[in-house]
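Structure data follow from start_8.pdb (PDB, C-alpha atoms and all ligand atoms):
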ATOM      1  CA  MET D 109       0.000   0.000   0.000
ATOM      2  CA  SER D 110       1.419   3.380  -0.976
ATOM      3  CA  LEU D 111       0.312   5.915   1.593
ATOM      4  CA  ARG D 112       1.527   8.720  -0.655
ATOM      5  CA  ALA D 113      -0.792   7.704  -3.474
ATOM      6  CA  LEU D 114      -3.608   7.355  -0.957
ATOM      7  CA  GLY D 115      -2.719  10.765   0.498
ATOM      8  CA  HIS D 116      -3.050  12.270  -2.963
ATOM      9  CA  LEU D 117      -6.548  10.792  -3.396
ATOM     10  CA  VAL D 118      -7.590  11.942   0.077
ATOM     11  CA  ALA D 119      -6.327  15.482  -0.555
ATOM     12  CA  LEU D 120      -8.343  15.632  -3.791
ATOM     13  CA  MET D 121     -11.489  14.542  -1.969
ATOM     14  CA  LEU D 122     -11.035  16.980   0.927
ATOM     15  CA  ALA D 123     -10.459  19.744  -1.615
ATOM     16  CA  GLY D 124     -13.716  18.871  -3.355
ATOM     17  CA  GLU D 125     -11.994  17.979  -6.642
ATOM     18  CA  LEU D 126     -14.721  15.554  -7.611
ATOM     19  CA  ALA D 127     -14.287  15.715 -11.394
ATOM     20  CA  ARG D 128     -10.683  14.789 -10.906
ATOM     21  CA  LEU D 129     -11.510  11.818  -8.674
ATOM     22  CA  VAL D 130     -14.153  10.606 -11.086
ATOM     23  CA  ALA D 131     -11.610  10.846 -13.909
ATOM     24  CA  ILE D 132      -9.038   8.888 -11.907
ATOM     25  CA  ARG D 133     -11.574   6.209 -11.039
ATOM     26  CA  ARG D 134     -12.793   5.907 -14.637
ATOM     27  CA  TYR D 135      -9.221   5.559 -15.868
ATOM     28  CA  PHE D 136      -7.783   3.108 -13.347
ATOM     29  CA  VAL D 137     -10.845   1.075 -12.384
ATOM     30  CA  GLU D 138     -12.923   1.083 -15.556
ATOM     31  CA  ASN D 139     -10.132   1.448 -18.123
ATOM     32  CA  ALA D 140     -11.745   4.424 -19.849
ATOM     33  CA  SER D 141      -9.491   6.373 -22.199
ATOM     34  CA  PRO D 142      -8.406   9.943 -21.411
ATOM     35  CA  SER D 143     -10.384  11.261 -24.385
ATOM     36  CA  GLU D 144     -13.592   9.535 -23.239
ATOM     37  CA  ILE D 145     -13.070  10.894 -19.742
ATOM     38  CA  ALA D 146     -12.289  14.389 -21.005
ATOM     39  CA  TYR D 147     -15.627  14.405 -22.798
ATOM     40  CA  GLU D 148     -17.498  13.190 -19.707
ATOM     41  CA  VAL D 149     -16.008  15.651 -17.235
ATOM     42  CA  ARG D 150     -15.846  18.477 -19.796
ATOM     43  CA  ARG D 151     -12.162  19.173 -19.498
ATOM     44  CA  GLY D 152      -9.343  19.002 -22.021
ATOM     45  CA  LYS D 153      -7.701  15.679 -22.756
ATOM     46  CA  LEU D 154      -4.343  17.114 -21.688
ATOM     47  CA  THR D 155      -5.835  18.170 -18.368
ATOM     48  CA  VAL D 156      -7.086  14.642 -17.749
ATOM     49  CA  ARG D 157      -3.707  13.173 -18.714
ATOM     50  CA  GLY D 158      -2.071  15.639 -16.316
ATOM     51  CA  TRP D 159      -4.309  14.499 -13.436
ATOM     52  CA  ILE D 160      -3.423  10.858 -14.049
ATOM     53  CA  GLN D 161       0.246  11.623 -14.425
ATOM     54  CA  ARG D 162       0.373  13.625 -11.191
ATOM     55  CA  LEU D 163      -1.151  10.734  -9.268
ATOM     56  CA  CYS D 164       1.387   8.322 -10.775
ATOM     57  CA  GLU D 165       4.235  10.642  -9.814
ATOM     58  CA  ALA D 166       2.906  11.195  -6.301
ATOM     59  CA  GLY D 167       2.307   7.515  -5.705
ATOM     60  CA  GLY D 168       5.459   5.920  -7.100
ATOM     61  CA  GLY D 169       4.479   4.873 -10.601
ATOM     62  CA  TYR D 170       1.597   3.681 -12.708
ATOM     63  CA  HIS D 171       1.193   0.228 -11.208
ATOM     64  CA  VAL D 172       1.238   1.445  -7.619
ATOM     65  CA  ALA D 173      -1.270   4.178  -8.463
ATOM     66  CA  ARG D 174      -3.537   1.689 -10.188
ATOM     67  CA  TYR D 175      -3.429  -0.723  -7.253
ATOM     68  CA  VAL D 176      -4.155   2.000  -4.701
ATOM     69  CA  VAL D 177      -7.012   3.504  -6.714
ATOM     70  CA  ARG D 178      -8.631   0.104  -7.208
ATOM     71  CA  ARG D 179      -8.451  -0.738  -3.514
ATOM     72  CA  CYS D 180      -9.163   2.644  -1.954
ATOM     73  CA  VAL D 181     -11.113   5.004  -4.161
ATOM     74  CA  ASP D 182     -14.551   3.905  -2.961
ATOM     75  CA  ARG D 183     -13.459   4.418   0.671
ATOM     76  CA  VAL D 184     -12.094   7.837  -0.212
ATOM     77  CA  TYR D 185     -15.524   8.700  -1.622
ATOM     78  CA  ASP D 186     -16.912   8.263   1.926
ATOM     79  CA  LEU D 187     -14.917  11.276   3.150
ATOM     80  CA  GLU D 188     -16.465  14.742   3.104
ATOM     81  CA  PRO D 189     -14.903  17.696   1.267
ATOM     82  CA  VAL D 190     -13.813  20.474   3.638
ATOM     83  CA  LEU D 191     -13.602  23.179   1.001
ATOM     84  CA  VAL D 192     -16.840  24.619  -0.334
ATOM     85  CA  VAL D 193     -17.309  27.133  -3.127
ATOM     86  CA  ALA D 194     -17.701  30.556  -1.521
ATOM     87  CA  SER D 195     -17.907  32.835  -4.544
ATOM     88  CA  VAL D 196     -17.859  32.457  -8.276
ATOM     89  CA  GLY D 197     -16.602  35.668  -9.785
ATOM     90  CA  SER D 198     -13.749  36.214 -12.174
ATOM     91  CA  ARG D 199     -11.976  33.797  -9.873
ATOM     92  CA  VAL D 200     -13.584  30.934  -7.956
ATOM     93  CA  GLU D 201     -12.952  31.114  -4.211
ATOM     94  CA  TYR D 202     -13.368  28.375  -1.629
ATOM     95  CA  ARG D 203     -14.117  28.599   2.076
ATOM     96  CA  CYS D 204     -12.284  26.114   4.259
ATOM     97  CA  LEU D 205     -14.433  24.451   6.927
ATOM     98  CA  LEU D 206     -11.366  23.455   8.949
ATOM     99  CA  CYS D 207      -9.712  26.840   9.427
ATOM    100  CA  GLY D 208     -12.263  29.306   8.066
ATOM    101  CA  GLY D 209      -9.758  30.601   5.525
ATOM    102  CA  VAL D 210     -10.414  31.460   1.898
ATOM    103  CA  ALA D 211      -8.528  29.567  -0.783
ATOM    104  CA  THR D 212      -8.232  29.873  -4.536
ATOM    105  CA  ARG D 213      -6.238  26.658  -5.007
ATOM    106  CA  PRO D 214      -8.056  23.983  -2.969
ATOM    107  CA  VAL D 215      -5.560  21.105  -3.225
ATOM    108  CA  HIS D 216      -2.677  23.435  -2.474
ATOM    109  CA  HIS D 217      -4.526  24.756   0.590
ATOM    110  CA  ILE D 218      -5.181  21.263   1.945
ATOM    111  CA  LEU D 219      -1.610  20.106   1.422
ATOM    112  CA  THR D 220      -0.126  23.286   2.868
ATOM    113  CA  TYR D 221      -2.272  23.860   5.952
ATOM    114  CA  HIS D 222      -3.969  20.581   6.759
ATOM    115  CA  ARG D 223      -1.379  17.841   6.373
ATOM    116  CA  ASP D 224      -2.282  16.417   9.787
ATOM    117  CA  TYR D 225      -5.920  16.136   8.817
ATOM    118  CA  VAL D 226      -4.962  14.424   5.547
ATOM    119  CA  ALA D 227      -2.816  11.988   7.534
ATOM    120  CA  ARG D 228      -5.718  11.194   9.887
ATOM    121  CA  CYS D 229      -8.057  10.547   6.947
ATOM    122  CA  VAL D 230      -5.443   8.347   5.256
ATOM    123  CA  GLN D 231      -5.203   6.359   8.479
ATOM    124  CA  ARG D 232      -8.972   6.008   8.662
ATOM    125  CA  VAL D 233      -9.175   4.677   5.082
ATOM    126  CA  ALA D 234      -6.227   2.343   5.659
ATOM    127  CA  ASP D 235      -7.773   1.004   8.899
ATOM    128  CA  CYS D 236     -11.030   0.369   7.084
ATOM    129  CA  LEU D 237      -9.232  -1.697   4.473
ATOM    130  CA  LEU D 238      -7.205  -3.667   6.996
ATOM    131  CA  ASN D 239     -10.145  -4.492   9.274
ATOM    132  CA  GLY D 240     -12.472  -6.922   7.600
ATOM    133  CA  ARG D 241     -11.397  -6.297   4.010
ATOM    134  CA  GLY D 242     -13.477  -3.184   3.523
ATOM    135  CA  ALA D 243     -16.685  -4.476   5.095
TER     136      ALA D 243
HETATM  137 ZN    ZN D 301      -8.051  25.540   5.823
END
The structure given in the file should be rewritten as structure tokens.
Amino acid sequence: MSLRALGHLVALMLAGELARLVAIRRYFVENASPSEIAYEVRRGKLTVRGWIQRLCEAGGGYHVARYVVRRCVDRVYDLEPVLVVASVGSRVEYRCLLCGGVATRPVHHILTYHRDYVARCVQRVADCLLNGRGA
């Protein structure tokens, strides 16, 4: 189990990056192609490829990423985002439920200010998987 790959998934969920998680799940679990996914989530194909690549880099390679996504992504879906959209102007802003701060880059905010919380969530997902094989 790569906790770094899992940490990446958890940070995406906490940041409310749902399109990105859906894309990652479609790619690694359902073998959808980046162009199919791009169409579904209404982003560019290069953006989708970038998301997948960043997870692979964070997690220690394609095979590790694939393994972790397949085992963990549905557990990660059980977590609640802590960043909510606060205003949609020329620039989307997010309000953080953990610290009350305003963020413009949700994943960056989570990884910068809430590493401990990410670590606790990673532990919770990992415990879930170890105890009773995800039951
Ligand atoms: Zn915060």
Inset, instruction - Find the residues with any atom within 10 Å of (-6.4, 14.7, -16.9); use all atoms listed in the file and the coordinates as given in the file, and write the answer as a PyMOL selection string. - result: chain D and resi 127-128+131-132+135+142-143+145-146+149+151-162
Inset, instruction - Select, from D:Glu165, D:Asp186, D:Asp224, D:Glu138, the residue with the minimum atom-to-atom distance to ligand ZN 301 (chain D), counting all atoms listed in the file. - result: D:Asp224
Inset, instruction - Work out how far CA of Leu120 in chain D is from CA of Val192 in chain D, in Å to one decimal. - result: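 Calculated distance between CA of Val192 in chain D and CA of Leu120 in chain D is 12.8 Å.
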Inset, instruction - Residues within 7 Å of ligand ZN 301 (chain D), counting only C-alpha atoms and all ligand atoms: report them as a PyMOL selection string. - result: chain D and resi 204-209+217-218+221-222
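Between Val172 in chain D and the candidates D:Leu237, D:Leu114, D:Arg223, D:Arg232, the tightest atom-to-atom separation, counting all atoms listed in the file, involves D:Leu114.
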Inset, instruction - Return the single residue from D:Leu191, D:Ala173, D:Ala166, D:Cys180 that is closest to Arg112 in chain D, with distances computed using all atoms listed in the file. - result: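 Of D:Leu191, D:Ala173, D:Ala166, D:Cys180, the one nearest Arg112 in chain D is D:Ala166, counting all atoms listed in the file.
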Can you find the residues with an atom no farther than 8 Å from (-2.6, 2.5, -6.6), counting all atoms listed in the file, and report them as a compact mmCIF listing (two decimals) with C-alpha atoms, in the frame of the given file?
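Result went into selection-v8.txt, see below:
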# COMPACT_ATOMS: atom_id res chain seq x y z
CA MET D 109 0.00 0.00 0.00
CA SER D 110 1.42 3.38 -0.98
CA ALA D 113 -0.79 7.70 -3.47
CA LEU D 114 -3.61 7.36 -0.96
CA GLY D 167 2.31 7.52 -5.70
CA TYR D 170 1.60 3.68 -12.71
CA HIS D 171 1.19 0.23 -11.21
CA VAL D 172 1.24 1.44 -7.62
CA ALA D 173 -1.27 4.18 -8.46
CA ARG D 174 -3.54 1.69 -10.19
CA TYR D 175 -3.43 -0.72 -7.25
CA VAL D 176 -4.16 2.00 -4.70
CA VAL D 177 -7.01 3.50 -6.71
CA ARG D 178 -8.63 0.10 -7.21
CA ARG D 179 -8.45 -0.74 -3.51
Inset, instruction - Could you check how far CA of Ala211 in chain D sits from CA of Gly124 in chain D, in Å to one decimal? - result: 12.2 Å
Legend entry - Residue nearest Cys236 in chain D - candidates D:Val184, D:Gly169, D:Glu144, D:Leu111, atoms counted: only C-alpha atoms: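 Smallest separation from Cys236 in chain D among the options: D:Val184.
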Inset, instruction - Find the distance between CA of Val200 in chain D and CA of Pro214 in chain D and write it in Å to one decimal. - result: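 These atoms are spaced 10.2 Å apart.
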Can you pull out every residue within 12 Å of Thr220 in chain D, counting all atoms listed in the file, but drop anything in the same chain fewer than 5 positions away, and send it as an mmCIF file with C-alpha atoms, in the frame of the given file?
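Writing done, so here's part_19.cif:
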data_model
loop_
_atom_site.group_PDB
_atom_site.id
_atom_site.type_symbol
_atom_site.label_atom_id
_atom_site.label_comp_id
_atom_site.auth_asym_id
_atom_site.auth_seq_id
_atom_site.Cartn_x
_atom_site.Cartn_y
_atom_site.Cartn_z
ATOM 1 C CA ALA D 119 -6.327 15.482 -0.555
ATOM 2 C CA ALA D 123 -10.459 19.744 -1.615
ATOM 3 C CA ALA D 211 -8.528 29.567 -0.783
ATOM 4 C CA ARG D 213 -6.238 26.658 -5.007
ATOM 5 C CA PRO D 214 -8.056 23.983 -2.969
ATOM 6 C CA VAL D 215 -5.560 21.105 -3.225
ATOM 7 C CA TYR D 225 -5.920 16.136 8.817
ATOM 8 C CA VAL D 226 -4.962 14.424 5.547
#
Inset, instruction - Choose the residue, out of D:Phe136, D:Leu238, D:Glu125, D:His116, that has the smallest atom-to-atom separation from Val193 in chain D; count all atoms listed in the file. - result: D:Glu125
Inset, instruction - Can you turn the PyMOL selection byres (((chain D and resi 187) around 8) and not hetatm) into a concrete residue list for this file, as a PyMOL selection string? - result: chain D and resi 118+121-122+183-186+188-189+229
